[in-house]
Protein chains: 2
Amino acid sequence: MELMKAREAAMARFRPMLRDHGLTEQQWRVLRALTDCDNIDASELAARSFLLAPSLTRIVQHLESEALISRRQNAADQRKAVVALTAKGRRLFDRIAPHSEALYAQIEKEFGFDRLELLYELLADFYQTLRNGDA
Amino acid sequence: MELMKAREAAMARFRPMLRDHGLTEQQWRVLRALTDCDNIDASELAARSFLLAPSLTRIVQHLESEALISRRQNAADQRKAVVALTAKGRRLFDRIAPHSEALYAQIEKEFGFDRLELLYELLADFYQTLRNGDA
DNA sequence: TGGTATCAGTTAACGTGTTAAACAGATGCC
DNA sequence: GGCATCTGTTTAACACGTTAACTGATACCA
């Protein structure tokens with residue numbers, strides 16, 4: 001419950017900015033993942049952007065229809081779909097990234113760098129603990 | 001991002017159990033809020049279960065169709081809709097509550113009570129900090 | 001080599017999150 | 001009393017989360 005509230009509060013900061021650029025939070029996650037590691041197939045992209053496959057399918061279709069990314073089939077394995085940023089997609093990323101970083105910096109300033117680091121560490125640990133317990 | 005992952009990991013524990021009882025996470029939040037404080041109007045219920053009004057409208061319609069809650073109009077202010085648990089709703093809550101508590105206890109055991117308390121405190125603080133900054 | 005299991009991705013169905021707009025009941029002001 | 005405004009709730013539209021079922025391609029193996 002507290003996790004949900006905290007996450008909503010954080011996203012409330014980012015959403016309006018992304019909206020101004022015509023993106024949702026998840027679409028932004030996909031562009032960011034592709035900037036880090038372009039030309040990967042859908043499974044890899046799903047893992048890196050923490051999206052489930054059905055969501056990613058819809059998002060990729062949407063972004064492709066706006067020419068922000070391209071999709072082609074892996075020649076070696078016809079099942080796989082390789083996704084890449086287009087020049088247009090990269091330009092959009094470059095326009096948004098400074099705003100995104102500014103919002104992160106603002107949160108860091110308000111909440112305090114050390115406390116934020118501690119929170120990150122606890123969250124990552126919490127995540128790992130629960131994942132291990134599932135097995 | 002870490003917030004999202006942590007929340008997903010936590011809900012992955014609860015969802016299957018709730019699903020066995022035919023509820024979603026949000027429907028469960030509504031029942032829990034009504035158990036704490038019955039006969040409140042929709043705005044109050046939305047605040048207590050941390051749902052937006054449109055979501056709550058749908059959920060209340062759904063739960064009402066399954067006779068788990070009842071809805072009537074406030075006599076003093078015809079705009080307000082007063083929501084209450086039915087006997088059936090209360091019985092369902094009583095059946096689920098022990099499972100829910102067991103899952104919480106399990107998480108507490110795996111992650112550690114003190115660390116969980118620290119995490120709660122940081123999250124609540126994070127939430128408040130961001131909310132204050134919005135004003 | 002052919003049959004079967006597995007894998008990558010998609011589609012479908014349902015419920016929720018978010019935003020904007022619509023709506024009726026309440027309130028305030030002249 | 002009539003009219004603009006505000007409030008509580010609902011509806012609509014679009015996108016995502018989750019689960020399950022489906023399709024086509026690949027791998028395995030008797």
# chains A, B, ... in the order shown; residues from 1 in each chain; ligands from 1
>>> select_by_dssp(residues="range 10-135 of chain B", states="helix (DSSP H, G or I)", output="mmCIF file with N, CA and C atoms, in the first residue's frame")
data_model
loop_
_atom_site.group_PDB
_atom_site.id
_atom_site.type_symbol
_atom_site.label_atom_id
_atom_site.label_comp_id
_atom_site.auth_asym_id
_atom_site.auth_seq_id
_atom_site.Cartn_x
_atom_site.Cartn_y
_atom_site.Cartn_z
ATOM 1 N N ALA B 10 5.423 -7.560 -4.435
ATOM 2 C CA ALA B 10 4.548 -7.738 -3.278
ATOM 3 C C ALA B 10 3.163 -8.202 -3.718
ATOM 4 N N MET B 11 2.624 -7.567 -4.734
ATOM 5 C CA MET B 11 1.275 -7.933 -5.153
ATOM 6 C C MET B 11 1.223 -9.328 -5.746
ATOM 7 N N ALA B 12 2.334 -9.760 -6.336
ATOM 8 C CA ALA B 12 2.361 -11.108 -6.903
ATOM 9 C C ALA B 12 2.096 -12.145 -5.819
ATOM 10 N N ARG B 13 2.403 -11.782 -4.576
ATOM 11 C CA ARG B 13 2.125 -12.698 -3.470
ATOM 12 C C ARG B 13 0.633 -12.754 -3.140
ATOM 13 N N PHE B 14 -0.016 -11.602 -3.242
ATOM 14 C CA PHE B 14 -1.402 -11.508 -2.782
ATOM 15 C C PHE B 14 -2.420 -11.868 -3.868
ATOM 16 N N ARG B 15 -2.051 -11.572 -5.105
ATOM 17 C CA ARG B 15 -3.036 -11.710 -6.164
ATOM 18 C C ARG B 15 -3.627 -13.109 -6.289
ATOM 19 N N PRO B 16 -2.789 -14.156 -6.303
ATOM 20 C CA PRO B 16 -3.374 -15.497 -6.467
ATOM 21 C C PRO B 16 -4.385 -15.832 -5.368
ATOM 22 N N MET B 17 -4.071 -15.435 -4.142
ATOM 23 C CA MET B 17 -4.976 -15.718 -3.034
ATOM 24 C C MET B 17 -6.305 -14.979 -3.227
ATOM 25 N N LEU B 18 -6.213 -13.713 -3.589
ATOM 26 C CA LEU B 18 -7.441 -12.935 -3.795
ATOM 27 C C LEU B 18 -8.235 -13.499 -4.968
ATOM 28 N N ARG B 19 -7.493 -13.896 -5.987
ATOM 29 C CA ARG B 19 -8.155 -14.452 -7.164
ATOM 30 C C ARG B 19 -8.963 -15.707 -6.804
ATOM 31 N N ASP B 20 -8.412 -16.488 -5.893
ATOM 32 C CA ASP B 20 -9.135 -17.686 -5.447
ATOM 33 C C ASP B 20 -10.481 -17.336 -4.829
ATOM 34 N N GLU B 25 -7.202 -6.939 -6.461
ATOM 35 C CA GLU B 25 -6.532 -6.195 -5.401
ATOM 36 C C GLU B 25 -7.352 -4.967 -4.992
ATOM 37 N N GLN B 26 -7.870 -4.258 -5.964
ATOM 38 C CA GLN B 26 -8.584 -3.017 -5.660
ATOM 39 C C GLN B 26 -9.925 -3.281 -4.983
ATOM 40 N N GLN B 27 -10.594 -4.339 -5.418
ATOM 41 C CA GLN B 27 -11.855 -4.704 -4.772
ATOM 42 C C GLN B 27 -11.605 -5.058 -3.314
ATOM 43 N N TRP B 28 -10.502 -5.731 -3.078
ATOM 44 C CA TRP B 28 -10.126 -6.065 -1.698
ATOM 45 C C TRP B 28 -9.852 -4.801 -0.888
ATOM 46 N N ARG B 29 -9.200 -3.832 -1.481
ATOM 47 C CA ARG B 29 -8.948 -2.576 -0.767
ATOM 48 C C ARG B 29 -10.261 -1.917 -0.352
ATOM 49 N N VAL B 30 -11.252 -1.988 -1.235
ATOM 50 C CA VAL B 30 -12.545 -1.375 -0.921
ATOM 51 C C VAL B 30 -13.219 -2.111 0.238
ATOM 52 N N LEU B 31 -13.215 -3.421 0.194
ATOM 53 C CA LEU B 31 -13.830 -4.175 1.292
ATOM 54 C C LEU B 31 -13.122 -3.877 2.610
ATOM 55 N N ARG B 32 -11.800 -3.815 2.549
ATOM 56 C CA ARG B 32 -11.046 -3.535 3.770
ATOM 57 C C ARG B 32 -11.380 -2.154 4.315
ATOM 58 N N ALA B 33 -11.461 -1.177 3.422
ATOM 59 C CA ALA B 33 -11.774 0.184 3.868
ATOM 60 C C ALA B 33 -13.163 0.219 4.505
ATOM 61 N N LEU B 34 -14.110 -0.520 3.931
ATOM 62 C CA LEU B 34 -15.472 -0.515 4.484
ATOM 63 C C LEU B 34 -15.525 -1.248 5.819
ATOM 64 N N THR B 35 -14.671 -2.229 5.982
ATOM 65 C CA THR B 35 -14.638 -2.929 7.270
ATOM 66 C C THR B 35 -14.137 -1.989 8.371
ATOM 67 N N ASP B 36 -13.173 -1.142 7.990
ATOM 68 C CA ASP B 36 -12.666 -0.175 8.964
ATOM 69 C C ASP B 36 -13.703 0.881 9.300
ATOM 70 N N ALA B 42 -18.945 7.967 -1.154
ATOM 71 C CA ALA B 42 -17.974 7.517 -2.147
ATOM 72 C C ALA B 42 -16.661 8.292 -2.075
ATOM 73 N N SER B 43 -16.728 9.574 -1.832
ATOM 74 C CA SER B 43 -15.492 10.364 -1.788
ATOM 75 C C SER B 43 -14.587 9.876 -0.668
ATOM 76 N N GLU B 44 -15.204 9.696 0.491
ATOM 77 C CA GLU B 44 -14.444 9.210 1.639
ATOM 78 C C GLU B 44 -13.863 7.827 1.350
ATOM 79 N N LEU B 45 -14.653 6.987 0.726
ATOM 80 C CA LEU B 45 -14.190 5.644 0.402
ATOM 81 C C LEU B 45 -13.040 5.678 -0.595
ATOM 82 N N ALA B 46 -13.153 6.565 -1.562
ATOM 83 C CA ALA B 46 -12.073 6.704 -2.547
ATOM 84 C C ALA B 46 -10.777 7.107 -1.856
ATOM 85 N N ALA B 47 -10.868 8.048 -0.925
ATOM 86 C CA ALA B 47 -9.671 8.507 -0.223
ATOM 87 C C ALA B 47 -9.068 7.387 0.609
ATOM 88 N N ARG B 48 -9.928 6.630 1.296
ATOM 89 C CA ARG B 48 -9.426 5.586 2.180
ATOM 90 C C ARG B 48 -8.856 4.394 1.424
ATOM 91 N N SER B 49 -9.357 4.132 0.232
ATOM 92 C CA SER B 49 -8.837 2.982 -0.517
ATOM 93 C C SER B 49 -7.858 3.428 -1.611
ATOM 94 N N ALA B 53 -11.898 8.449 -8.408
ATOM 95 C CA ALA B 53 -13.354 8.357 -8.457
ATOM 96 C C ALA B 53 -13.866 7.457 -9.590
ATOM 97 N N PRO B 54 -13.364 7.600 -10.809
ATOM 98 C CA PRO B 54 -13.892 6.734 -11.875
ATOM 99 C C PRO B 54 -13.641 5.250 -11.617
ATOM 100 N N SER B 55 -12.486 4.919 -11.077
ATOM 101 C CA SER B 55 -12.227 3.517 -10.749
ATOM 102 C C SER B 55 -13.187 3.040 -9.675
ATOM 103 N N LEU B 56 -13.383 3.873 -8.666
ATOM 104 C CA LEU B 56 -14.258 3.472 -7.578
ATOM 105 C C LEU B 56 -15.679 3.247 -8.079
ATOM 106 N N THR B 57 -16.134 4.111 -8.963
ATOM 107 C CA THR B 57 -17.477 3.934 -9.517
ATOM 108 C C THR B 57 -17.636 2.544 -10.114
ATOM 109 N N ARG B 58 -16.674 2.151 -10.940
ATOM 110 C CA ARG B 58 -16.752 0.827 -11.571
ATOM 111 C C ARG B 58 -16.705 -0.287 -10.537
ATOM 112 N N ILE B 59 -15.812 -0.143 -9.564
ATOM 113 C CA ILE B 59 -15.643 -1.204 -8.579
ATOM 114 C C ILE B 59 -16.891 -1.351 -7.720
ATOM 115 N N VAL B 60 -17.458 -0.207 -7.334
ATOM 116 C CA VAL B 60 -18.679 -0.251 -6.517
ATOM 117 C C VAL B 60 -19.815 -0.918 -7.304
ATOM 118 N N GLN B 61 -19.918 -0.584 -8.587
ATOM 119 C CA GLN B 61 -20.953 -1.232 -9.408
ATOM 120 C C GLN B 61 -20.745 -2.740 -9.438
ATOM 121 N N HIS B 62 -19.480 -3.129 -9.593
ATOM 122 C CA HIS B 62 -19.176 -4.553 -9.667
ATOM 123 C C HIS B 62 -19.522 -5.254 -8.351
ATOM 124 N N LEU B 63 -19.039 -4.704 -7.245
ATOM 125 C CA LEU B 63 -19.257 -5.338 -5.948
ATOM 126 C C LEU B 63 -20.749 -5.341 -5.592
ATOM 127 N N GLU B 64 -21.450 -4.291 -6.023
ATOM 128 C CA GLU B 64 -22.884 -4.243 -5.743
ATOM 129 C C GLU B 64 -23.605 -5.338 -6.532
ATOM 130 N N SER B 65 -23.148 -5.573 -7.753
ATOM 131 C CA SER B 65 -23.795 -6.598 -8.577
ATOM 132 C C SER B 65 -23.593 -7.986 -7.994
ATOM 133 N N ALA B 87 -23.996 -8.326 4.628
ATOM 134 C CA ALA B 87 -23.580 -9.471 5.457
ATOM 135 C C ALA B 87 -22.694 -10.399 4.628
ATOM 136 N N LYS B 88 -23.067 -10.574 3.382
ATOM 137 C CA LYS B 88 -22.266 -11.417 2.492
ATOM 138 C C LYS B 88 -20.862 -10.848 2.313
ATOM 139 N N GLY B 89 -20.793 -9.542 2.156
ATOM 140 C CA GLY B 89 -19.496 -8.897 2.003
ATOM 141 C C GLY B 89 -18.642 -9.076 3.243
ATOM 142 N N ARG B 90 -19.265 -8.941 4.398
ATOM 143 C CA ARG B 90 -18.516 -9.092 5.638
ATOM 144 C C ARG B 90 -18.018 -10.522 5.805
ATOM 145 N N ARG B 91 -18.848 -11.476 5.412
ATOM 146 C CA ARG B 91 -18.408 -12.883 5.510
ATOM 147 C C ARG B 91 -17.222 -13.130 4.594
ATOM 148 N N LEU B 92 -17.280 -12.570 3.392
ATOM 149 C CA LEU B 92 -16.151 -12.752 2.471
ATOM 150 C C LEU B 92 -14.890 -12.141 3.065
ATOM 151 N N PHE B 93 -15.022 -10.944 3.620
ATOM 152 C CA PHE B 93 -13.871 -10.317 4.262
ATOM 153 C C PHE B 93 -13.296 -11.226 5.344
ATOM 154 N N ASP B 94 -14.173 -11.754 6.172
ATOM 155 C CA ASP B 94 -13.709 -12.606 7.281
ATOM 156 C C ASP B 94 -13.006 -13.861 6.779
ATOM 157 N N ARG B 95 -13.425 -14.348 5.637
ATOM 158 C CA ARG B 95 -12.748 -15.533 5.087
ATOM 159 C C ARG B 95 -11.360 -15.181 4.564
ATOM 160 N N ILE B 96 -11.247 -13.991 3.944
ATOM 161 C CA ILE B 96 -9.983 -13.632 3.302
ATOM 162 C C ILE B 96 -8.955 -13.109 4.298
ATOM 163 N N ALA B 97 -9.403 -12.357 5.278
ATOM 164 C CA ALA B 97 -8.489 -11.645 6.188
ATOM 165 C C ALA B 97 -7.366 -12.533 6.737
ATOM 166 N N PRO B 98 -7.665 -13.732 7.216
ATOM 167 C CA PRO B 98 -6.574 -14.550 7.761
ATOM 168 C C PRO B 98 -5.499 -14.860 6.730
ATOM 169 N N HIS B 99 -5.902 -15.158 5.507
ATOM 170 C CA HIS B 99 -4.913 -15.413 4.459
ATOM 171 C C HIS B 99 -4.065 -14.182 4.204
ATOM 172 N N SER B 100 -4.713 -13.044 4.169
ATOM 173 C CA SER B 100 -3.985 -11.804 3.929
ATOM 174 C C SER B 100 -2.948 -11.564 5.020
ATOM 175 N N GLU B 101 -3.384 -11.754 6.258
ATOM 176 C CA GLU B 101 -2.454 -11.535 7.375
ATOM 177 C C GLU B 101 -1.298 -12.532 7.334
ATOM 178 N N ALA B 102 -1.601 -13.739 6.936
ATOM 179 C CA ALA B 102 -0.542 -14.751 6.861
ATOM 180 C C ALA B 102 0.515 -14.350 5.833
ATOM 181 N N LEU B 103 0.059 -13.795 4.710
ATOM 182 C CA LEU B 103 1.011 -13.383 3.686
ATOM 183 C C LEU B 103 1.860 -12.210 4.162
ATOM 184 N N TYR B 104 1.220 -11.265 4.839
ATOM 185 C CA TYR B 104 1.990 -10.161 5.427
ATOM 186 C C TYR B 104 3.045 -10.696 6.382
ATOM 187 N N ALA B 105 2.626 -11.622 7.238
ATOM 188 C CA ALA B 105 3.550 -12.168 8.234
ATOM 189 C C ALA B 105 4.719 -12.875 7.565
ATOM 190 N N GLN B 106 4.411 -13.563 6.467
ATOM 191 C CA GLN B 106 5.456 -14.272 5.734
ATOM 192 C C GLN B 106 6.484 -13.293 5.170
ATOM 193 N N ILE B 107 5.986 -12.200 4.612
ATOM 194 C CA ILE B 107 6.893 -11.185 4.066
ATOM 195 C C ILE B 107 7.739 -10.583 5.177
ATOM 196 N N GLU B 108 7.083 -10.311 6.290
ATOM 197 C CA GLU B 108 7.798 -9.735 7.433
ATOM 198 C C GLU B 108 8.916 -10.662 7.883
ATOM 199 N N LYS B 109 8.601 -11.934 7.856
ATOM 200 C CA LYS B 109 9.594 -12.921 8.281
ATOM 201 C C LYS B 109 10.767 -12.980 7.297
ATOM 202 N N GLU B 110 10.455 -12.955 6.006
ATOM 203 C CA GLU B 110 11.516 -13.085 5.007
ATOM 204 C C GLU B 110 12.401 -11.845 4.954
ATOM 205 N N PHE B 111 11.767 -10.683 5.037
ATOM 206 C CA PHE B 111 12.520 -9.445 4.839
ATOM 207 C C PHE B 111 13.070 -8.909 6.154
ATOM 208 N N PHE B 113 11.584 -7.765 10.262
ATOM 209 C CA PHE B 113 10.642 -6.791 10.807
ATOM 210 C C PHE B 113 11.229 -5.380 10.810
ATOM 211 N N ASP B 114 12.464 -5.256 11.289
ATOM 212 C CA ASP B 114 13.044 -3.924 11.433
ATOM 213 C C ASP B 114 13.246 -3.244 10.090
ATOM 214 N N ARG B 115 13.724 -4.024 9.132
ATOM 215 C CA ARG B 115 13.941 -3.450 7.807
ATOM 216 C C ARG B 115 12.616 -3.059 7.157
ATOM 217 N N LEU B 116 11.588 -3.850 7.414
ATOM 218 C CA LEU B 116 10.281 -3.527 6.861
ATOM 219 C C LEU B 116 9.750 -2.234 7.478
ATOM 220 N N GLU B 117 9.948 -2.078 8.768
ATOM 221 C CA GLU B 117 9.530 -0.839 9.435
ATOM 222 C C GLU B 117 10.271 0.364 8.852
ATOM 223 N N LEU B 118 11.566 0.186 8.651
ATOM 224 C CA LEU B 118 12.367 1.265 8.076
ATOM 225 C C LEU B 118 11.875 1.614 6.679
ATOM 226 N N LEU B 119 11.581 0.587 5.916
ATOM 227 C CA LEU B 119 11.083 0.804 4.557
ATOM 228 C C LEU B 119 9.765 1.570 4.588
ATOM 229 N N TYR B 120 8.849 1.156 5.460
ATOM 230 C CA TYR B 120 7.569 1.855 5.595
ATOM 231 C C TYR B 120 7.792 3.332 5.892
ATOM 232 N N GLU B 121 8.691 3.579 6.825
ATOM 233 C CA GLU B 121 8.911 4.958 7.249
ATOM 234 C C GLU B 121 9.459 5.790 6.095
ATOM 235 N N LEU B 122 10.420 5.216 5.383
ATOM 236 C CA LEU B 122 10.997 5.944 4.250
ATOM 237 C C LEU B 122 9.949 6.209 3.178
ATOM 238 N N LEU B 123 9.123 5.209 2.913
ATOM 239 C CA LEU B 123 8.109 5.361 1.868
ATOM 240 C C LEU B 123 7.099 6.438 2.244
ATOM 241 N N ALA B 124 6.664 6.412 3.493
ATOM 242 C CA ALA B 124 5.695 7.416 3.943
ATOM 243 C C ALA B 124 6.301 8.808 3.839
ATOM 244 N N ASP B 125 7.558 8.912 4.196
ATOM 245 C CA ASP B 125 8.256 10.179 4.120
ATOM 246 C C ASP B 125 8.420 10.627 2.680
ATOM 247 N N PHE B 126 8.773 9.702 1.843
ATOM 248 C CA PHE B 126 8.937 9.996 0.420
ATOM 249 C C PHE B 126 7.625 10.543 -0.148
ATOM 250 N N TYR B 127 6.565 9.861 0.186
ATOM 251 C CA TYR B 127 5.238 10.268 -0.272
ATOM 252 C C TYR B 127 4.921 11.691 0.183
ATOM 253 N N GLN B 128 5.128 11.954 1.466
ATOM 254 C CA GLN B 128 4.824 13.283 2.003
ATOM 255 C C GLN B 128 5.707 14.350 1.371
ATOM 256 N N THR B 129 6.975 14.021 1.204
ATOM 257 C CA THR B 129 7.901 14.987 0.616
ATOM 258 C C THR B 129 7.448 15.392 -0.786
ATOM 259 N N LEU B 130 7.077 14.392 -1.582
ATOM 260 C CA LEU B 130 6.664 14.707 -2.949
ATOM 261 C C LEU B 130 5.348 15.463 -2.964
ATOM 262 N N ARG B 131 4.453 15.101 -2.073
ATOM 263 C CA ARG B 131 3.160 15.792 -2.031
ATOM 264 C C ARG B 131 3.349 17.249 -1.627
ATOM 265 N N ASN B 132 4.196 17.477 -0.658
ATOM 266 C CA ASN B 132 4.441 18.859 -0.234
ATOM 267 C C ASN B 132 5.070 19.663 -1.356
ATOM 268 N N GLY B 133 5.966 19.018 -2.089
ATOM 269 C CA GLY B 133 6.640 19.716 -3.174
ATOM 270 C C GLY B 133 5.702 20.098 -4.307
ATOM 271 N N ASP B 134 4.596 19.381 -4.427
ATOM 272 C CA ASP B 134 3.657 19.675 -5.505
ATOM 273 C C ASP B 134 2.928 20.991 -5.276
#
>>> residues_around(residues="Ala84 in chain A", least_positions_apart="6", cutoff="6 Å", atoms="only C-alpha atoms (C1' of nucleotides)", output="list in words")
Asp38, Asn39, Ile69 and Ser70 of chain A
>>> interface_residues(of="chain D", to="chain A", cutoff="12 Å", atoms="only C-alpha atoms (C1' of nucleotides)", output="PDB file with C-alpha atoms (C1' of nucleotides), in the first residue's frame")
ATOM      1  C1'  DC D  14      -7.653   5.595 -24.341  1.00  0.00           C
ATOM      2  C1'  DA D  15      -3.718   3.003 -22.492  1.00  0.00           C
ATOM      3  C1'  DC D  16      -1.780  -0.536 -19.472  1.00  0.00           C
ATOM      4  C1'  DG D  17      -1.761  -4.969 -16.196  1.00  0.00           C
ATOM      5  C1'  DT D  18      -2.972  -9.659 -15.917  1.00  0.00           C
ATOM      6  C1'  DT D  19      -4.282 -14.148 -17.380  1.00  0.00           C
ATOM      7  C1'  DA D  20      -5.289 -17.494 -20.809  1.00  0.00           C
ATOM      8  C1'  DT D  23      -0.182 -19.165 -33.987  1.00  0.00           C
ATOM      9  C1'  DG D  24       3.932 -20.074 -36.188  1.00  0.00           C
ATOM     10  C1'  DA D  25       8.826 -21.342 -35.801  1.00  0.00           C
ATOM     11  C1'  DT D  26      12.356 -24.043 -33.644  1.00  0.00           C
ATOM     12  C1'  DA D  27      14.389 -27.837 -31.002  1.00  0.00           C
TER      13       DA D  27
END
>>> interface_residues(of="chain C", to="chain A", cutoff="8 Å", atoms="only C-alpha atoms (C1' of nucleotides)", output="VMD selection string")
chain C and resid 8 to 10
>>> write_last_selection(atoms="C-alpha atoms (C1' of nucleotides)", output="compact mmCIF listing (two decimals), in the first residue's frame")
# COMPACT_ATOMS: atom_id res chain seq x y z
C1' DA C 8 8.49 -16.00 -29.23
C1' DG C 9 5.09 -13.24 -30.07
C1' DT C 10 0.27 -11.99 -30.60
>>> atom_distance(atom1="C1' of DT9 in chain D", atom2="C1' of DT18 in chain C")
16.6 Å
>>> closest_residue(among="A:Ile40, A:Arg71, A:His21, A:Gly112", to="chain B", atoms="only C-alpha atoms")
A:Gly112
>>> atom_distance(atom1="C1' of DC3 in chain D", atom2="C1' of DA26 in chain C")
13.6 Å
>>> residues_around(residues="DG2 in chain D", least_positions_apart="2", cutoff="12 Å", atoms="only C-alpha atoms (C1' of nucleotides)", output="MDAnalysis selection string")
(chainID C and resid 29:30) or (chainID D and resid 4)
>>> select_by_dssp(residues="chain A", states="strand (DSSP E or B)", output="ChimeraX atom specification")
/A:40-41,69-73,81-85
>>> write_last_selection(atoms="N, CA and C atoms", output="compact mmCIF listing (two decimals), in the first residue's frame")
# COMPACT_ATOMS: atom_id res chain seq x y z
N ILE A 40 17.45 -5.00 -30.05
CA ILE A 40 17.28 -6.20 -29.26
C ILE A 40 15.91 -6.78 -29.58
N ASP A 41 15.71 -8.05 -29.29
CA ASP A 41 14.39 -8.59 -29.60
C ASP A 41 13.41 -8.37 -28.46
N ILE A 69 10.03 3.92 -33.56
CA ILE A 69 10.84 2.72 -33.55
C ILE A 69 10.57 1.92 -34.82
N SER A 70 11.42 0.96 -35.09
CA SER A 70 11.19 0.08 -36.24
C SER A 70 11.25 -1.36 -35.75
N ARG A 71 10.62 -2.23 -36.50
CA ARG A 71 10.57 -3.63 -36.10
C ARG A 71 10.85 -4.50 -37.32
N ARG A 72 11.70 -5.49 -37.14
CA ARG A 72 11.95 -6.44 -38.23
C ARG A 72 12.16 -7.82 -37.63
N GLN A 73 12.18 -8.82 -38.49
CA GLN A 73 12.34 -10.18 -37.97
C GLN A 73 13.80 -10.57 -37.94
N ALA A 81 11.36 -10.83 -32.97
CA ALA A 81 11.15 -9.51 -33.57
C ALA A 81 12.19 -8.56 -33.01
N VAL A 82 13.03 -8.03 -33.88
CA VAL A 82 14.08 -7.13 -33.43
C VAL A 82 13.57 -5.69 -33.51
N VAL A 83 13.72 -4.98 -32.42
CA VAL A 83 13.20 -3.62 -32.33
C VAL A 83 14.37 -2.64 -32.25
N ALA A 84 14.22 -1.50 -32.93
CA ALA A 84 15.28 -0.48 -32.92
C ALA A 84 14.67 0.90 -32.93
N LEU A 85 15.40 1.86 -32.39
CA LEU A 85 14.99 3.27 -32.44
C LEU A 85 15.17 3.80 -33.84
>>> atom_distance(atom1="CA of Ala9 in chain A", atom2="C1' of DT19 in chain C")
16.7 Å
>>> closest_residue(among="B:Lys5, B:Asn74, B:Ala67, B:Cys37", to="chain A", atoms="only C-alpha atoms")
B:Lys5
